[in-house]
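The structure appears below as structure tokens.
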Number of protein chains: 2
Amino acid sequence: MDTTQRTDQQRSADRRRRELLEAADRVVLRDGPQASMNAIAAEAGITKPILYRHFGDKGGLYAALAKRHTDALLDSLRAALDAPADRRERVEATLDTYLAAIEARPQVYRFLMHPAEGGQVADQGFDVGKHSAPLLRRMGEELAQVIEDRLDLGPGSQQLARVWGHGIVGMMHAAGDWWLGERPCSRAELVRSLADLLWGRLAAAGDKVGGPGF
Amino acid sequence: MDTTQRTDQQRSADRRRRELLEAADRVVLRDGPQASMNAIAAEAGITKPILYRHFGDKGGLYAALAKRHTDALLDSLRAALDAPADRRERVEATLDTYLAAIEARPQVYRFLMHPAEGGQVADQGFDVGKHSAPLLRRMGEELAQVIEDRLDLGPGSQQLARVWGHGIVGMMHAAGDWWLGERPCSRAELVRSLADLLWGRLAAAGDKVGGPGF
DNA sequence: GACTCGGGTTACCGCTAGTAACATGTATTT
DNA sequence: AAATACATGTTACTAGCGGTAACCCGAGTC
């Protein structure tokens, strides 16, 4: 059996799969992440079992759907990361690329990051996710308050403090989540590394020989 | 209506509520966040409608459950944040407090942060942990690679780069998530604030008059 | 005794993910 | 031409979920 040559059947199946994914995309972006398999099937003009034949289960469909957007986002991030500019500019370009992406397509973002939310009712961007103040938000707000109270940050200090509060909490959370799963080092080392990051070691580090530096 | 009588009723209701919450806690920590209302009711020795009378819906029960743990964690974080030490030490103490908490009770952590995963099989609804985490993880790993490739970080550079990769991605994600919901400033301002944070402005900032500084 | 009332249960609804079994068109083989 | 093999599609179902309506009972009160 030749694995490189694709038969007509495989090609047709792939095309069908793409059509289904596009239908799923439309439904998910319209109805939110709570879109049911029935709704997706209806949008595609077919019925449920076909979806299951193609994607196994809902997780499979979700994964296929997420992979498309994820790959696209990662590609644009890589481009920003590779742009010819100094380190600070590249960092800002990367941040901006990510933020622009989530700003341009918040529905996609919410689907990828907060699939559990979305609500039964058609939420018109009102008051979504505000009712349940998750742990991260509360930590971010509290830290922001501490920063604003105790640090002299000059003009715009309140906004800066809030950005930092949520940013630092997110850093702590993501690093902790990764660390908890992989245990790549001791807790003390992790703490030290993160504090070093916050203490500007990223800006102070030298370029590696032969490279432009992040 | 008699006030003392109502107080008795209130007290008894509160006690019941606490008992139910403790039962829910046991089930959730045993069966994962997919624990059904039926299972929780059974653990508490009663039936579903009582749960609904006390907590409204599953979200209410979840919120009440999360609030307990969240409040406890926030208390210990506040303590670390208020410890008498210099800023760097306080930052490290706060990071360590958080990480120690998630290390000590990973089940609680997973419940609070990854409510969708955990259930062995038969997940209802899209699960966040299995697919959105991959996006964050992939971004973190890619950034780690870029950092390690391009920056001269001395000994332990690989581990440091990975911590930073995941940390920076988490910072970007959390700040972006908050920003997307509240839109407190322009994208450019957000980018600049985050880059400032990464560039060590936190360490460089002066204390506010009369306070010890974060 | 009748009467409210809080705590409790049974039995149900509508919805979901997922599946088994059946139908149908189409291309290849005999 | 007839029969077979197969992908494509459907209908009709299961099991379990969150959530609710309706009833039920015991304890205090007029």
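Chains: A, B, ... in order of the structure tokens. Residues: from 1 per chain. Ligands: from 1, in order shown.
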
- Spatial neighbours of Gly181 of chain A, max dist 12 Å, only C-alpha atoms (C1' of nucleotides), sep filter under 5 positions, as a list in words: Ala174, Ala175 and Gly176 of chain A; Ile102, Glu103, Pro106, Tyr109, Arg110, Ala133 and Arg137 of chain B

For the selection just defined, write its residues with N, CA and C atoms to a file, as a tab-separated table (two decimals), in the first residue's frame.
chain	number	residue	atom	x	y	z
A	174	ALA	N	0.95	30.56	35.13
A	174	ALA	CA	1.36	29.71	34.01
A	174	ALA	C	2.62	28.95	34.35
A	175	ALA	N	3.58	29.64	34.96
A	175	ALA	CA	4.81	28.95	35.33
A	175	ALA	C	4.51	27.86	36.35
A	176	GLY	N	3.65	28.17	37.30
A	176	GLY	CA	3.29	27.18	38.31
A	176	GLY	C	2.58	25.98	37.70
B	102	ILE	N	-0.16	25.32	45.67
B	102	ILE	CA	-0.59	24.43	44.59
B	102	ILE	C	0.18	23.12	44.64
B	103	GLU	N	1.36	23.17	45.21
B	103	GLU	CA	2.12	21.92	45.33
B	103	GLU	C	1.50	21.04	46.41
B	106	PRO	N	-2.63	19.75	44.98
B	106	PRO	CA	-2.84	19.87	43.52
B	106	PRO	C	-4.27	19.60	43.10
B	109	TYR	N	-6.06	22.74	43.47
B	109	TYR	CA	-5.61	23.64	42.41
B	109	TYR	C	-6.26	23.31	41.08
B	110	ARG	N	-6.27	22.03	40.74
B	110	ARG	CA	-6.85	21.64	39.45
B	110	ARG	C	-8.34	21.95	39.42
B	133	ALA	N	-4.86	24.42	27.18
B	133	ALA	CA	-3.54	24.37	27.80
B	133	ALA	C	-2.49	24.09	26.75
B	137	ARG	N	0.91	26.00	26.49
B	137	ARG	CA	2.14	25.23	26.63
B	137	ARG	C	3.02	25.34	25.40

Please determine the contact residues of chain C with respect to chain A at a cut-off of 10 Å, counting only C-alpha atoms (C1' of nucleotides), and supply them as a PDB file with N, CA and C atoms (P, O5', C5', C4', C3', O3' and C1' of nucleotides), in the first residue's frame.
ATOM      1  P    DC C  15     -35.121  21.181  24.614  1.00  0.00           P
ATOM      2  O5'  DC C  15     -33.618  20.686  24.709  1.00  0.00           O
ATOM      3  C5'  DC C  15     -32.707  21.416  25.534  1.00  0.00           C
ATOM      4  C4'  DC C  15     -31.564  20.530  25.944  1.00  0.00           C
ATOM      5  C3'  DC C  15     -30.779  19.918  24.797  1.00  0.00           C
ATOM      6  O3'  DC C  15     -29.690  20.765  24.445  1.00  0.00           O
ATOM      7  C1'  DC C  15     -31.030  18.426  26.668  1.00  0.00           C
ATOM      8  P    DT C  16     -28.860  20.435  23.127  1.00  0.00           P
ATOM      9  O5'  DT C  16     -27.736  19.435  23.646  1.00  0.00           O
ATOM     10  C5'  DT C  16     -26.838  19.833  24.677  1.00  0.00           C
ATOM     11  C4'  DT C  16     -26.108  18.617  25.221  1.00  0.00           C
ATOM     12  C3'  DT C  16     -25.397  17.798  24.174  1.00  0.00           C
ATOM     13  O3'  DT C  16     -24.078  18.291  24.002  1.00  0.00           O
ATOM     14  C1'  DT C  16     -26.539  16.400  25.764  1.00  0.00           C
ATOM     15  P    DA C  17     -23.235  17.811  22.757  1.00  0.00           P
ATOM     16  O5'  DA C  17     -22.721  16.367  23.222  1.00  0.00           O
ATOM     17  C5'  DA C  17     -21.822  16.272  24.317  1.00  0.00           C
ATOM     18  C4'  DA C  17     -21.477  14.817  24.560  1.00  0.00           C
ATOM     19  C3'  DA C  17     -20.746  14.147  23.404  1.00  0.00           C
ATOM     20  O3'  DA C  17     -19.719  13.316  23.914  1.00  0.00           O
ATOM     21  C1'  DA C  17     -22.780  12.994  23.835  1.00  0.00           C
ATOM     22  P    DG C  18     -18.710  12.610  22.948  1.00  0.00           P
ATOM     23  O5'  DG C  18     -19.486  11.267  22.552  1.00  0.00           O
ATOM     24  C5'  DG C  18     -19.765  10.321  23.578  1.00  0.00           C
ATOM     25  C4'  DG C  18     -20.641   9.222  23.010  1.00  0.00           C
ATOM     26  C3'  DG C  18     -20.157   8.591  21.689  1.00  0.00           C
ATOM     27  O3'  DG C  18     -19.926   7.217  21.899  1.00  0.00           O
ATOM     28  C1'  DG C  18     -22.478   8.990  21.658  1.00  0.00           C
ATOM     29  P    DT C  19     -19.328   6.245  20.799  1.00  0.00           P
ATOM     30  O5'  DT C  19     -20.576   5.334  20.402  1.00  0.00           O
ATOM     31  C5'  DT C  19     -21.574   5.103  21.369  1.00  0.00           C
ATOM     32  C4'  DT C  19     -22.619   4.133  20.833  1.00  0.00           C
ATOM     33  C3'  DT C  19     -22.189   3.275  19.640  1.00  0.00           C
ATOM     34  O3'  DT C  19     -22.814   2.015  19.770  1.00  0.00           O
ATOM     35  C1'  DT C  19     -24.060   4.529  19.039  1.00  0.00           C
TER      36       DT C  19
END

Contacts of DT8 of chain D at 9 Å (only C-alpha atoms (C1' of nucleotides); same-chain gap of 3+ positions) as a tab-separated table (two decimals) with C-alpha atoms (C1' of nucleotides), in the first residue's frame:
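Contents of selection_22.tsv, as written:
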chain	number	residue	atom	x	y	z
A	50	ILE	CA	-21.01	11.65	10.32
C	24	DT	C1'	-28.79	4.14	-0.51
C	25	DG	C1'	-25.97	5.31	-4.36

Cut-off 6 Å: closest chain B/chain A atom pairs per residue, using only C-alpha atoms, as a Markdown table:
| residue | atom | partner | partner_atom | distance |
| --- | --- | --- | --- | --- |
| B:Val128 | CA | A:Pro115 | CA | 5.8 |
| B:Ser132 | CA | A:Met113 | CA | 5.3 |
| B:Ile147 | CA | A:Phe214 | CA | 5.9 |
| B:Arg150 | CA | A:Gly213 | CA | 4.5 |
| B:Leu151 | CA | A:Asp207 | CA | 4.8 |
| B:Asp152 | CA | A:Lys208 | CA | 4.7 |
| B:His166 | CA | A:Ala175 | CA | 5.3 |
| B:Gly167 | CA | A:Met171 | CA | 4.2 |
| B:Ile168 | CA | A:Met171 | CA | 5.9 |
| B:Gly170 | CA | A:Met171 | CA | 4.5 |
| B:Met171 | CA | A:Gly167 | CA | 4.2 |
| B:Ala174 | CA | A:Gly170 | CA | 4.7 |
| B:Ala175 | CA | A:Gly167 | CA | 4.8 |
| B:Leu198 | CA | A:Gly200 | CA | 6.0 |
| B:Trp199 | CA | A:Gly200 | CA | 4.9 |
| B:Gly200 | CA | A:Gly200 | CA | 3.6 |
| B:Ala203 | CA | A:Trp199 | CA | 5.2 |
| B:Gly206 | CA | A:Asp152 | CA | 5.4 |
| B:Asp207 | CA | A:Leu151 | CA | 4.8 |
| B:Lys208 | CA | A:Asp152 | CA | 4.7 |
| B:Gly211 | CA | A:Arg150 | CA | 5.6 |
| B:Gly213 | CA | A:Arg150 | CA | 4.4 |
| B:Phe214 | CA | A:Arg150 | CA | 5.8 |

Would you mind exporting C-alpha atoms of the selected residues as a compact mmCIF listing (two decimals), in the first residue's frame?
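Printed below is part.txt as written:
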# COMPACT_ATOMS: atom_id res chain seq x y z
CA VAL B 128 -10.48 23.39 28.39
CA SER B 132 -6.38 25.19 25.47
CA ILE B 147 15.13 32.61 24.58
CA ARG B 150 19.37 33.74 21.44
CA LEU B 151 20.16 34.85 24.96
CA ASP B 152 23.29 34.29 26.94
CA HIS B 166 6.10 29.85 30.28
CA GLY B 167 6.11 32.79 32.65
CA ILE B 168 6.12 35.41 29.94
CA GLY B 170 1.34 33.40 31.12
CA MET B 171 1.82 37.08 31.77
CA ALA B 174 -3.54 36.77 31.75
CA ALA B 175 -3.05 40.42 30.99
CA LEU B 198 9.69 42.74 31.66
CA TRP B 199 12.31 45.44 31.43
CA GLY B 200 12.70 45.61 35.17
CA ALA B 203 12.61 46.48 40.48
CA GLY B 206 10.80 53.79 44.07
CA ASP B 207 8.77 53.23 47.21
CA LYS B 208 5.81 55.40 47.82
CA GLY B 211 5.11 52.59 52.71
CA GLY B 213 7.02 49.15 48.78
CA PHE B 214 5.92 45.93 47.15

- Any idea which chain A residues end up within 12 Å of chain D if we count only C-alpha atoms (C1' of nucleotides), as an MDAnalysis selection string please? chainID A and resid 8:10 12:13 16 45:51 53:54

- Task: DSSP on the backbone, then: every residue of segment 40-152 of chain B marked helix (DSSP H, G or I), written as an MDAnalysis selection string.
- Result: chainID B and resid 40:44 48:55 58:82 87:104 106:113 128:150

- Message: What's the separation between atom CA of Ala104 of chain B and atom CA of Arg30 of chain B, in Å to one decimal place?
- Response: 15.7 Å

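For the pair atom C1' of DC13 of chain C and atom CA of Val28 of chain B, the separation is 26.5 Å.
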
- Message: Just list as number ranges by chain whatever in chain B DSSP marks as strand (DSSP E or B).
- Response: B: 151-152, 206-207

Prev. selection, C-alpha atoms, output as a PDB file, in the first residue's frame:
ATOM      1  CA  LEU B 151      20.162  34.847  24.964  1.00  0.00           C
ATOM      2  CA  ASP B 152      23.294  34.289  26.938  1.00  0.00           C
ATOM      3  CA  GLY B 206      10.804  53.789  44.072  1.00  0.00           C
ATOM      4  CA  ASP B 207       8.771  53.233  47.207  1.00  0.00           C
TER       5      ASP B 207
END

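Atom pair atom C1' of DA27 of chain C / atom CA of Asp14 of chain A has a distance of 20.0 Å (rounded to one decimal).
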